[in-house]
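Shown next: entry_15.pdb, given as PDB, C-alpha atoms.
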ATOM      1  CA  MET A   1      -8.741   1.942   7.210
ATOM      2  CA  THR A   2     -10.918  -0.258   9.360
ATOM      3  CA  ALA A   3     -13.251   0.768  12.167
ATOM      4  CA  PRO A   4     -13.548  -1.209  15.410
ATOM      5  CA  ALA A   5     -15.710  -4.322  15.259
ATOM      6  CA  ALA A   6     -18.459  -2.760  17.367
ATOM      7  CA  GLU A   7     -19.154  -0.217  14.628
ATOM      8  CA  TYR A   8     -20.097  -2.837  12.041
ATOM      9  CA  PRO A   9     -23.814  -3.507  11.616
ATOM     10  CA  GLU A  10     -25.046  -7.075  11.393
ATOM     11  CA  GLU A  11     -25.071  -8.657   7.972
ATOM     12  CA  SER A  12     -28.271  -8.533   5.957
ATOM     13  CA  ALA A  13     -29.641 -11.051   3.499
ATOM     14  CA  GLU A  14     -29.983  -8.462   0.749
ATOM     15  CA  LEU A  15     -29.964  -4.717   0.281
ATOM     16  CA  SER A  16     -32.538  -4.393  -2.480
ATOM     17  CA  GLU A  17     -34.801  -6.259  -4.833
ATOM     18  CA  PRO A  18     -33.012  -8.638  -7.253
ATOM     19  CA  SER A  19     -32.773  -6.373 -10.279
ATOM     20  CA  THR A  20     -30.104  -4.931 -12.556
ATOM     21  CA  ALA A  21     -32.393  -2.483 -14.308
ATOM     22  CA  ASP A  22     -30.679   0.531 -12.781
ATOM     23  CA  ALA A  23     -27.141  -0.667 -13.440
ATOM     24  CA  PRO A  24     -25.380   1.333 -16.184
ATOM     25  CA  ASN A  25     -23.601  -0.997 -18.628
ATOM     26  CA  SER A  26     -24.468  -3.964 -16.427
ATOM     27  CA  ASP A  27     -23.801  -6.303 -19.356
ATOM     28  CA  VAL A  28     -20.066  -5.534 -19.238
ATOM     29  CA  PRO A  29     -18.395  -8.840 -18.302
ATOM     30  CA  VAL A  30     -16.416  -8.763 -15.086
ATOM     31  CA  THR A  31     -14.287 -11.761 -15.997
ATOM     32  CA  SER A  32     -14.026 -14.341 -18.734
ATOM     33  CA  GLU A  33     -14.111 -17.110 -16.153
ATOM     34  CA  GLU A  34     -17.320 -19.139 -16.081
ATOM     35  CA  GLY A  35     -18.746 -20.441 -12.842
ATOM     36  CA  GLY A  36     -17.602 -19.387  -9.406
ATOM     37  CA  VAL A  37     -15.103 -16.589  -8.962
ATOM     38  CA  LEU A  38     -13.914 -14.207  -6.246
ATOM     39  CA  ILE A  39     -13.854 -10.620  -7.506
ATOM     40  CA  LEU A  40     -11.754  -8.116  -5.562
ATOM     41  CA  GLY A  41     -13.450  -4.820  -6.339
ATOM     42  CA  GLY A  42     -11.621  -1.502  -6.240
ATOM     43  CA  SER A  43     -14.088   1.161  -5.139
ATOM     44  CA  PRO A  44     -13.851   4.990  -5.090
ATOM     45  CA  ILE A  45     -11.752   6.530  -2.320
ATOM     46  CA  GLY A  46     -13.871   9.665  -2.275
ATOM     47  CA  ASN A  47     -15.318  10.660  -5.631
ATOM     48  CA  LEU A  48     -18.058   8.298  -6.859
ATOM     49  CA  ALA A  49     -17.365   9.380 -10.447
ATOM     50  CA  ASP A  50     -14.175   7.297 -10.256
ATOM     51  CA  ALA A  51     -16.178   4.043 -10.149
ATOM     52  CA  SER A  52     -15.740   1.893 -13.234
ATOM     53  CA  ASP A  53     -18.428   0.260 -15.362
ATOM     54  CA  ARG A  54     -16.946  -3.084 -14.369
ATOM     55  CA  LEU A  55     -17.552  -2.285 -10.697
ATOM     56  CA  ARG A  56     -21.166  -1.385 -11.474
ATOM     57  CA  SER A  57     -21.558  -4.671 -13.311
ATOM     58  CA  ALA A  58     -19.983  -6.635 -10.471
ATOM     59  CA  LEU A  59     -22.288  -4.999  -7.922
ATOM     60  CA  ALA A  60     -25.361  -5.750 -10.026
ATOM     61  CA  THR A  61     -24.535  -9.371 -10.831
ATOM     62  CA  ALA A  62     -22.744 -10.752  -7.765
ATOM     63  CA  ASP A  63     -24.423 -13.645  -5.972
ATOM     64  CA  LEU A  64     -22.624 -12.804  -2.721
ATOM     65  CA  ILE A  65     -21.151  -9.465  -1.654
ATOM     66  CA  ALA A  66     -18.655  -9.320   1.231
ATOM     67  CA  VAL A  67     -18.238  -5.834   2.709
ATOM     68  CA  GLU A  68     -16.734  -4.137   5.754
ATOM     69  CA  ASP A  69     -19.857  -2.104   6.454
ATOM     70  CA  THR A  70     -23.305  -2.621   4.917
ATOM     71  CA  ARG A  71     -24.024   1.097   5.248
ATOM     72  CA  LYS A  72     -21.106   1.929   2.955
ATOM     73  CA  LEU A  73     -22.415  -0.605   0.435
ATOM     74  CA  ARG A  74     -25.845   1.040   0.468
ATOM     75  CA  THR A  75     -24.251   4.440  -0.117
ATOM     76  CA  LEU A  76     -22.070   3.110  -2.942
ATOM     77  CA  ALA A  77     -24.827   1.223  -4.735
ATOM     78  CA  SER A  78     -27.291   4.092  -4.379
ATOM     79  CA  GLY A  79     -24.774   6.661  -5.573
ATOM     80  CA  LEU A  80     -23.970   4.570  -8.634
ATOM     81  CA  GLY A  81     -27.615   3.853  -9.421
ATOM     82  CA  VAL A  82     -27.089   0.121  -9.055
ATOM     83  CA  ARG A  83     -29.458  -2.421  -7.535
ATOM     84  CA  THR A  84     -27.713  -5.364  -5.944
ATOM     85  CA  ARG A  85     -29.266  -8.832  -6.033
ATOM     86  CA  GLY A  86     -26.731 -10.813  -4.040
ATOM     87  CA  ARG A  87     -26.712 -11.877  -0.424
ATOM     88  CA  VAL A  88     -24.552  -9.588   1.714
ATOM     89  CA  ILE A  89     -22.141 -10.649   4.459
ATOM     90  CA  VAL A  90     -19.891  -8.542   6.662
ATOM     91  CA  ASN A  91     -16.160  -9.232   6.292
ATOM     92  CA  HIS A  92     -13.790  -7.173   8.444
ATOM     93  CA  ASP A  93     -10.504  -7.477  10.327
ATOM     94  CA  HIS A  94     -12.097  -9.280  13.250
ATOM     95  CA  ASN A  95     -13.909 -12.071  11.391
ATOM     96  CA  GLU A  96     -11.883 -12.616   8.214
ATOM     97  CA  GLU A  97     -10.790 -16.136   9.107
ATOM     98  CA  GLU A  98     -14.379 -17.234   9.647
ATOM     99  CA  ARG A  99     -15.708 -15.453   6.578
ATOM    100  CA  SER A 100     -12.985 -16.826   4.290
ATOM    101  CA  ALA A 101     -14.455 -20.326   4.660
ATOM    102  CA  THR A 102     -17.879 -19.003   3.622
ATOM    103  CA  ILE A 103     -16.365 -17.245   0.602
ATOM    104  CA  VAL A 104     -14.386 -20.293  -0.510
ATOM    105  CA  GLN A 105     -17.498 -22.455  -0.288
ATOM    106  CA  ALA A 106     -19.519 -19.948  -2.283
ATOM    107  CA  VAL A 107     -16.940 -19.896  -5.086
ATOM    108  CA  GLN A 108     -16.811 -23.690  -5.040
ATOM    109  CA  ASP A 109     -20.589 -23.694  -5.411
ATOM    110  CA  GLY A 110     -20.304 -21.649  -8.592
ATOM    111  CA  GLN A 111     -21.222 -18.251  -7.136
ATOM    112  CA  ARG A 112     -19.815 -14.901  -8.168
ATOM    113  CA  VAL A 113     -18.489 -13.343  -4.967
ATOM    114  CA  LEU A 114     -17.659  -9.627  -4.879
ATOM    115  CA  LEU A 115     -15.393  -8.512  -2.022
ATOM    116  CA  LEU A 116     -15.218  -4.786  -1.229
ATOM    117  CA  SER A 117     -13.481  -2.700   1.408
ATOM    118  CA  ASP A 118     -14.934   0.611   2.562
ATOM    119  CA  ALA A 119     -12.836   2.435  -0.034
ATOM    120  CA  GLY A 120     -10.004   1.644  -2.410
ATOM    121  CA  MET A 121      -8.528  -1.744  -3.152
ATOM    122  CA  PRO A 122      -9.303  -4.663  -0.821
ATOM    123  CA  THR A 123      -6.259  -6.379   0.772
ATOM    124  CA  ILE A 124      -4.179  -3.146   0.766
ATOM    125  CA  SER A 125      -4.247  -2.161   4.468
ATOM    126  CA  ASP A 126      -7.873  -3.315   4.341
ATOM    127  CA  PRO A 127      -9.674  -6.657   4.721
ATOM    128  CA  GLY A 128      -9.602  -9.094   1.805
ATOM    129  CA  TYR A 129      -6.195 -10.742   1.934
ATOM    130  CA  VAL A 130      -7.326 -13.724   4.026
ATOM    131  CA  ALA A 131     -10.212 -14.535   1.690
ATOM    132  CA  ALA A 132      -8.161 -13.981  -1.467
ATOM    133  CA  ALA A 133      -5.380 -16.223  -0.167
ATOM    134  CA  ALA A 134      -7.857 -18.938   0.856
ATOM    135  CA  VAL A 135      -9.600 -18.954  -2.532
ATOM    136  CA  ALA A 136      -6.257 -19.029  -4.368
ATOM    137  CA  GLU A 137      -5.017 -21.841  -2.088
ATOM    138  CA  ALA A 138      -8.135 -23.812  -3.009
ATOM    139  CA  ASP A 139      -7.130 -23.378  -6.673
ATOM    140  CA  LEU A 140     -10.285 -21.425  -7.426
ATOM    141  CA  PRO A 141     -10.570 -18.334  -9.662
ATOM    142  CA  VAL A 142      -9.699 -14.914  -8.249
ATOM    143  CA  THR A 143      -9.875 -11.755 -10.337
ATOM    144  CA  VAL A 144      -9.699  -8.002  -9.754
ATOM    145  CA  VAL A 145     -11.813  -5.085 -10.838
ATOM    146  CA  PRO A 146      -9.113  -2.365 -10.648
ATOM    147  CA  GLY A 147      -9.960   0.867  -8.951
ATOM    148  CA  PRO A 148      -8.588   3.904  -7.133
ATOM    149  CA  SER A 149      -5.753   3.557  -4.636
ATOM    150  CA  ALA A 150      -4.966   6.208  -2.031
ATOM    151  CA  ALA A 151      -1.335   5.060  -1.911
ATOM    152  CA  LEU A 152      -0.671   5.441  -5.632
ATOM    153  CA  THR A 153      -2.753   8.607  -5.921
ATOM    154  CA  ALA A 154      -0.722  10.275  -3.171
ATOM    155  CA  LEU A 155       2.540   9.025  -4.684
ATOM    156  CA  ALA A 156       1.665  10.453  -8.096
ATOM    157  CA  LEU A 157       0.776  13.807  -6.523
ATOM    158  CA  SER A 158       3.854  13.990  -4.303
ATOM    159  CA  GLY A 159       6.403  15.283  -6.786
ATOM    160  CA  LEU A 160       8.881  12.801  -5.283
ATOM    161  CA  PRO A 161      10.624   9.995  -7.212
ATOM    162  CA  THR A 162       8.170   7.304  -8.345
ATOM    163  CA  GLY A 163      10.473   4.906 -10.182
ATOM    164  CA  ARG A 164      11.039   2.767  -7.084
ATOM    165  CA  PHE A 165       8.882   2.894  -3.970
ATOM    166  CA  THR A 166       7.799   0.828  -0.987
ATOM    167  CA  PHE A 167       4.351   0.726   0.597
ATOM    168  CA  GLU A 168       4.694   0.625   4.385
ATOM    169  CA  GLY A 169       1.025   1.106   5.336
ATOM    170  CA  PHE A 170       0.294   1.838   9.000
ATOM    171  CA  LEU A 171       3.109   1.909  11.534
ATOM    172  CA  ALA A 172       2.632   0.265  14.916
ATOM    173  CA  ARG A 173       1.197   2.900  17.253
ATOM    174  CA  LYS A 174       4.004   2.764  19.808
ATOM    175  CA  GLY A 175       6.581   0.592  21.536
ATOM    176  CA  SER A 176       9.523  -1.456  20.371
ATOM    177  CA  GLU A 177       7.778  -2.724  17.244
ATOM    178  CA  ARG A 178       7.384   0.858  16.002
ATOM    179  CA  SER A 179      10.978   1.755  16.929
ATOM    180  CA  ARG A 180      12.407  -1.308  15.180
ATOM    181  CA  ARG A 181      10.443  -0.680  12.032
ATOM    182  CA  LEU A 182      11.463   2.956  11.826
ATOM    183  CA  ALA A 183      15.107   2.046  12.441
ATOM    184  CA  SER A 184      14.959  -0.528   9.650
ATOM    185  CA  LEU A 185      13.760   2.176   7.242
ATOM    186  CA  ALA A 186      16.395   4.791   8.090
ATOM    187  CA  GLY A 187      18.546   3.838   5.099
ATOM    188  CA  GLU A 188      15.705   2.931   2.710
ATOM    189  CA  GLU A 189      16.539   4.427  -0.685
ATOM    190  CA  ARG A 190      13.090   4.011  -2.237
ATOM    191  CA  THR A 191      10.282   6.523  -1.796
ATOM    192  CA  MET A 192       8.142   5.382   1.156
ATOM    193  CA  ILE A 193       4.340   5.437   1.430
ATOM    194  CA  PHE A 194       2.632   5.438   4.837
ATOM    195  CA  TYR A 195      -0.985   5.530   5.968
ATOM    196  CA  GLU A 196      -1.829   7.358   9.180
ATOM    197  CA  SER A 197      -4.851   8.492  11.173
ATOM    198  CA  PRO A 198      -5.357  12.271  11.447
ATOM    199  CA  HIS A 199      -4.884  12.437  15.222
ATOM    200  CA  ARG A 200      -1.513  10.623  15.066
ATOM    201  CA  THR A 201      -0.118  12.481  12.051
ATOM    202  CA  ALA A 202       1.804  15.108  14.050
ATOM    203  CA  ALA A 203       3.481  12.491  16.275
ATOM    204  CA  THR A 204       4.393  10.338  13.290
ATOM    205  CA  LEU A 205       5.954  13.266  11.419
ATOM    206  CA  ALA A 206       7.956  14.144  14.548
ATOM    207  CA  ASP A 207       9.233  10.543  14.626
ATOM    208  CA  PHE A 208      10.114  10.827  10.937
ATOM    209  CA  VAL A 209      12.215  13.914  11.648
ATOM    210  CA  GLN A 210      14.150  11.941  14.249
ATOM    211  CA  THR A 211      14.569   8.874  12.026
ATOM    212  CA  PHE A 212      15.022  10.294   8.536
ATOM    213  CA  GLY A 213      16.339  13.786   9.282
ATOM    214  CA  ALA A 214      14.754  17.225   9.314
ATOM    215  CA  ASP A 215      15.720  18.033   5.717
ATOM    216  CA  ARG A 216      14.293  14.907   4.081
ATOM    217  CA  ARG A 217      11.437  15.841   1.735
ATOM    218  CA  GLY A 218       7.903  14.569   2.160
ATOM    219  CA  THR A 219       4.220  15.190   1.532
ATOM    220  CA  VAL A 220       1.025  14.829   3.530
ATOM    221  CA  SER A 221      -2.123  14.172   1.470
ATOM    222  CA  ARG A 222      -5.647  14.212   2.833
ATOM    223  CA  GLU A 223      -9.184  13.846   1.477
ATOM    224  CA  LEU A 224      -7.854  12.556  -1.861
ATOM    225  CA  THR A 225     -10.302  12.927  -4.790
ATOM    226  CA  LYS A 226     -12.771  14.710  -2.481
ATOM    227  CA  LEU A 227     -13.913  18.325  -2.454
ATOM    228  CA  HIS A 228     -11.316  19.412   0.128
ATOM    229  CA  GLU A 229      -8.361  17.459  -1.285
ATOM    230  CA  GLU A 230      -5.081  18.846   0.044
ATOM    231  CA  VAL A 231      -1.412  18.011  -0.541
ATOM    232  CA  ARG A 232       1.206  19.624   1.731
ATOM    233  CA  ARG A 233       4.809  19.488   0.486
ATOM    234  CA  GLY A 234       8.008  20.388   2.296
ATOM    235  CA  THR A 235      10.800  19.054   4.454
ATOM    236  CA  LEU A 236       9.831  16.707   7.244
ATOM    237  CA  ALA A 237      10.629  19.460   9.748
ATOM    238  CA  GLU A 238       8.276  21.865   7.959
ATOM    239  CA  LEU A 239       5.530  19.246   7.750
ATOM    240  CA  ALA A 240       5.918  18.339  11.429
ATOM    241  CA  GLU A 241       5.645  21.999  12.414
ATOM    242  CA  TRP A 242       2.520  22.413  10.267
ATOM    243  CA  ALA A 243       0.878  19.271  11.698
ATOM    244  CA  GLU A 244       1.595  20.348  15.269
ATOM    245  CA  SER A 245      -0.431  23.532  14.819
ATOM    246  CA  GLU A 246      -3.127  22.180  12.512
ATOM    247  CA  ARG A 247      -6.353  20.377  13.323
ATOM    248  CA  ILE A 248      -5.976  17.618  10.758
ATOM    249  CA  ARG A 249      -9.005  15.808   9.422
ATOM    250  CA  GLY A 250      -9.621  13.101   6.866
ATOM    251  CA  GLU A 251      -7.670  10.022   5.889
ATOM    252  CA  ILE A 252      -3.948  10.659   5.614
ATOM    253  CA  VAL A 253      -1.215   9.399   3.281
ATOM    254  CA  ILE A 254       2.377  10.437   4.023
ATOM    255  CA  ILE A 255       5.065  10.136   1.355
ATOM    256  CA  VAL A 256       8.716  10.288   2.398
ATOM    257  CA  GLU A 257      11.679  10.690   0.073
ATOM    258  CA  GLY A 258      14.149   7.818   0.132
ATOM    259  CA  ALA A 259      17.661   8.097   1.526
ATOM    260  CA  GLN A 260      20.422   9.168  -0.792
ATOM    261  CA  ALA A 261      22.535   6.249  -1.973
ATOM    262  CA  PRO A 262      26.076   6.368  -0.610
ATOM    263  CA  GLU A 263      28.578   7.635  -3.120
ATOM    264  CA  THR A 264      30.597   4.851  -4.712
ATOM    265  CA  PRO A 265      34.219   5.635  -5.566
ATOM    266  CA  GLU A 266      35.121   5.498  -9.224
ATOM    267  CA  ALA A 267      36.420   2.118 -10.358
ATOM    268  CA  GLN A 268      39.930   3.402 -11.042
ATOM    269  CA  ASP A 269      40.107   4.993  -7.602
ATOM    270  CA  VAL A 270      39.071   1.727  -5.946
ATOM    271  CA  VAL A 271      41.723  -0.237  -7.855
ATOM    272  CA  ARG A 272      44.291   2.372  -6.865
ATOM    273  CA  LEU A 273      43.402   1.796  -3.208
ATOM    274  CA  VAL A 274      44.149  -1.908  -3.670
ATOM    275  CA  LEU A 275      47.445  -1.302  -5.455
ATOM    276  CA  ASP A 276      48.555   1.159  -2.773
ATOM    277  CA  ARG A 277      47.963  -1.475  -0.089
ATOM    278  CA  VAL A 278      49.849  -4.080  -2.124
ATOM    279  CA  ALA A 279      52.733  -1.640  -2.590
ATOM    280  CA  ALA A 280      52.829  -1.274   1.192
ATOM    281  CA  GLY A 281      53.350  -5.030   1.519
ATOM    282  CA  GLU A 282      49.822  -6.426   1.793
ATOM    283  CA  ARG A 283      48.860  -9.540  -0.185
ATOM    284  CA  LEU A 284      46.625  -8.850  -3.200
ATOM    285  CA  LYS A 285      43.690 -11.004  -2.054
ATOM    286  CA  ALA A 286      43.740  -9.505   1.418
ATOM    287  CA  ALA A 287      43.932  -5.988  -0.007
ATOM    288  CA  CYS A 288      40.986  -6.678  -2.328
ATOM    289  CA  ALA A 289      38.905  -8.070   0.530
ATOM    290  CA  ALA A 290      39.609  -5.060   2.718
ATOM    291  CA  VAL A 291      38.880  -2.472   0.024
ATOM    292  CA  ALA A 292      35.753  -4.323  -1.113
ATOM    293  CA  ALA A 293      34.426  -4.231   2.433
ATOM    294  CA  GLU A 294      35.137  -0.508   2.710
ATOM    295  CA  THR A 295      33.629   0.511  -0.631
ATOM    296  CA  GLY A 296      30.854  -2.026  -1.168
ATOM    297  CA  THR A 297      32.341  -3.255  -4.431
ATOM    298  CA  SER A 298      32.589  -6.866  -5.576
ATOM    299  CA  LYS A 299      35.695  -8.568  -4.192
ATOM    300  CA  ARG A 300      35.986 -10.838  -7.233
ATOM    301  CA  GLU A 301      35.593  -8.024  -9.758
ATOM    302  CA  LEU A 302      38.061  -5.900  -7.788
ATOM    303  CA  TYR A 303      40.624  -8.736  -7.751
ATOM    304  CA  GLU A 304      40.346  -9.184 -11.528
ATOM    305  CA  ALA A 305      40.605  -5.433 -12.129
ATOM    306  CA  ALA A 306      43.681  -5.199  -9.885
ATOM    307  CA  LEU A 307      45.353  -8.103 -11.730
ATOM    308  CA  ALA A 308      44.677  -6.406 -15.049
ATOM    309  CA  ALA A 309      46.069  -3.091 -13.752
ATOM    310  CA  ARG A 310      49.252  -4.771 -12.487
ATOM    311  CA  SER A 311      49.870  -6.418 -15.874
ATOM    312  CA  GLU A 312      49.656  -3.140 -17.774
TER     313      GLU A 312
END

Could you spell out this file's structure in C-alpha cells?
Amino acid sequence: MTAPAAEYPEESAELSEPSTADAPNSDVPVTSEEGGVLILGGSPIGNLADASDRLRSALATADLIAVEDTRKLRTLASGLGVRTRGRVIVNHDHNEEERSATIVQAVQDGQRVLLLSDAGMPTISDPGYVAAAAVAEADLPVTVVPGPSAALTALALSGLPTGRFTFEGFLARKGSERSRRLASLAGEERTMIFYESPHRTAATLADFVQTFGADRRGTVSRELTKLHEEVRRGTLAELAEWAESERIRGEIVIIVEGAQAPETPEAQDVVRLVLDRVAAGERLKAACAAVAAETGTSKRELYEAALAARSE
C-alpha cells in the first residue's frame, strides 16, 4: 500500500557502516546463483518476529537495496539487529520505470540487489513488478526470499473456502472502471481477496452488498500479525453495517465468498429433455444444441448420450 510520492524521502548512499557483525545467521545463503541477482524480499507485515534468517542475510549482504521508503528500511534493519552495507535507492510507484534501468544495470554488473516494499511481498499491490519484469526480460537471475503476505494471511483466517481463490487487490476508487470490475465479479465462484484503505472500507462493503448480495459471507481483517489484530466475520450486510458505525483503522483486507455454482441437471434428466424434444418432432442435432445451451452441457457429449439412449 503505497504512499504519495511527496512522502518519500530522498535516497541515501548508505544507512550504516559496511558491516554484517550484527546480522544473525548472516552466512545463510540467499541464493545458489553466483554473481548478480535481483532478490525480491518478503518482509514482515507487522510483527518483526516473522522475518526470516534469509531476509536478515539479504539485508546484510546486498550491494544495492531498493526500497519504497528509507525510513521503513531503517526501522526494519534496526529491529532485526542488522547492519546494511549496500547503497540504497528509493523505488516506488512513481519512479519504477526509471529505477528498473538502474536495477538491471546493477545485476548485469554482478551486484546483489535486494528489492523491498514497505511490508509484505514486493510486486503484490506494491512496487517491484516493473523491476522484476525488466531483470527477467534481460535474462538475468531473479529470486525470492519468501515472507508474510497480508492476502494469504487474511484468507487463511477467514474461515471461507481456500481451495480456489482470486486476488483482486485494490478496486478503482470510483467511476465506470469500478462499476465494470464489480459487475465482472458478480458471478465469480472463487473466494475473492481485496485490499482497501480504512476510510473507504464502509463504502466498498456497501458496494459489495449491491453487487454480491446481502447474504454473501465475508470477512474484514485489519492490523494482521500486530498487537490489535482483528478479524470480523459475517454476511456482507452485517459487515457493511458494522463498518458504517465503526472508526476503522489500519490496513484492511476484505475476503468475499464466491458465488454458488449454478445447479447442473443430472445427466439422465438432460438426455430426457433432448428425447422429449425429438419426440415432439425436433431434429436430434437441433434438440441437442438447444438443450446444451440451456443447461451448459457439452453439445457433442449430449448428442452421443442421446444416440446411446435411443438405441437401448

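CA of Leu205 in chain A sits 17.1 Å away from CA of Glu177 in chain A.
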
Selection near range 181-196 of chain A, 7 Å with only C-alpha atoms, sequence-local residues under 5 positions removed, as number ranges by chain: A: 151, 161-162, 164-170, 201, 211-212, 252-261

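CA of Gly36 in chain A is found 23.5 Å from CA of Asp118 in chain A.
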
Expansion of the PyMOL selection byres ((chain A and resi 232) around 9) into residues, as a VMD selection string: chain A and resid 158 218 to 222 230 to 231 233 to 234 239

Picked residues, the PyMOL selection byres ((chain A and resi 49) around 12), expected as a list in words: Ser43, Pro44, Ile45, Gly46, Asn47, Leu48, Asp50, Ala51, Ser52, Asp53, Leu55, Arg56, Leu76, Gly79, Leu80, Gly81, Gly147, Pro148, Thr225 and Lys226 of chain A

Output C-alpha atoms for every residue in that selection, as a PDB file, in the coordinates of the input.
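After the write, selection04.pdb holds the following:
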ATOM      1  CA  SER A  43     -14.088   1.161  -5.139  1.00  0.00           C
ATOM      2  CA  PRO A  44     -13.851   4.990  -5.090  1.00  0.00           C
ATOM      3  CA  ILE A  45     -11.752   6.530  -2.320  1.00  0.00           C
ATOM      4  CA  GLY A  46     -13.871   9.665  -2.275  1.00  0.00           C
ATOM      5  CA  ASN A  47     -15.318  10.660  -5.631  1.00  0.00           C
ATOM      6  CA  LEU A  48     -18.058   8.298  -6.859  1.00  0.00           C
ATOM      7  CA  ASP A  50     -14.175   7.297 -10.256  1.00  0.00           C
ATOM      8  CA  ALA A  51     -16.178   4.043 -10.149  1.00  0.00           C
ATOM      9  CA  SER A  52     -15.740   1.893 -13.234  1.00  0.00           C
ATOM     10  CA  ASP A  53     -18.428   0.260 -15.362  1.00  0.00           C
ATOM     11  CA  LEU A  55     -17.552  -2.285 -10.697  1.00  0.00           C
ATOM     12  CA  ARG A  56     -21.166  -1.385 -11.474  1.00  0.00           C
ATOM     13  CA  LEU A  76     -22.070   3.110  -2.942  1.00  0.00           C
ATOM     14  CA  GLY A  79     -24.774   6.661  -5.573  1.00  0.00           C
ATOM     15  CA  LEU A  80     -23.970   4.570  -8.634  1.00  0.00           C
ATOM     16  CA  GLY A  81     -27.615   3.853  -9.421  1.00  0.00           C
ATOM     17  CA  GLY A 147      -9.960   0.867  -8.951  1.00  0.00           C
ATOM     18  CA  PRO A 148      -8.588   3.904  -7.133  1.00  0.00           C
ATOM     19  CA  THR A 225     -10.302  12.927  -4.790  1.00  0.00           C
ATOM     20  CA  LYS A 226     -12.771  14.710  -2.481  1.00  0.00           C
TER      21      LYS A 226
END

Residue contacts of range 276-279 of chain A (12 Å, all atoms listed in the file) excluding same-chain residues fewer than 5 positions away, as a PyMOL selection string: chain A and resi 269-271+284-291+303+306-307+310

Taking the file as shown, find all residues satisfying the PyMOL selection byres ((chain A and resi 247) around 12) and write them as a CSV table (one decimal) with C-alpha atoms, in the coordinates of the input.
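Written file, out-v2.csv:
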chain,number,residue,atom,x,y,z
A,198,PRO,CA,-5.4,12.3,11.4
A,199,HIS,CA,-4.9,12.4,15.2
A,200,ARG,CA,-1.5,10.6,15.1
A,201,THR,CA,-0.1,12.5,12.1
A,202,ALA,CA,1.8,15.1,14.0
A,242,TRP,CA,2.5,22.4,10.3
A,243,ALA,CA,0.9,19.3,11.7
A,244,GLU,CA,1.6,20.3,15.3
A,245,SER,CA,-0.4,23.5,14.8
A,246,GLU,CA,-3.1,22.2,12.5
A,248,ILE,CA,-6.0,17.6,10.8
A,249,ARG,CA,-9.0,15.8,9.4
A,250,GLY,CA,-9.6,13.1,6.9

Nearest candidate to Pro141 in chain A (options A:Leu171, A:Asp63, A:Leu155, A:Arg112; using all atoms listed in the file): A:Arg112

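Note that the spacing between CA of Ala131 in chain A and CA of Glu96 in chain A amounts to 7.0 Å.
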
From A:Gly213, A:Ser197, A:Ser57, A:Ser149, residue lying nearest Ile124 in chain A [all atoms listed in the file]: A:Ser149

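Shortest separation to Ala132 in chain A among A:Ile39, A:Ala150, A:Leu157, A:Ala60 occurs at residue A:Ile39, atoms counted being all atoms listed in the file.
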
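Considering the residues A:His94, A:Glu238, A:Leu115, A:Glu229 and counting all atoms listed in the file, Val209 in chain A has its shortest atom-to-atom contact with A:Glu238.
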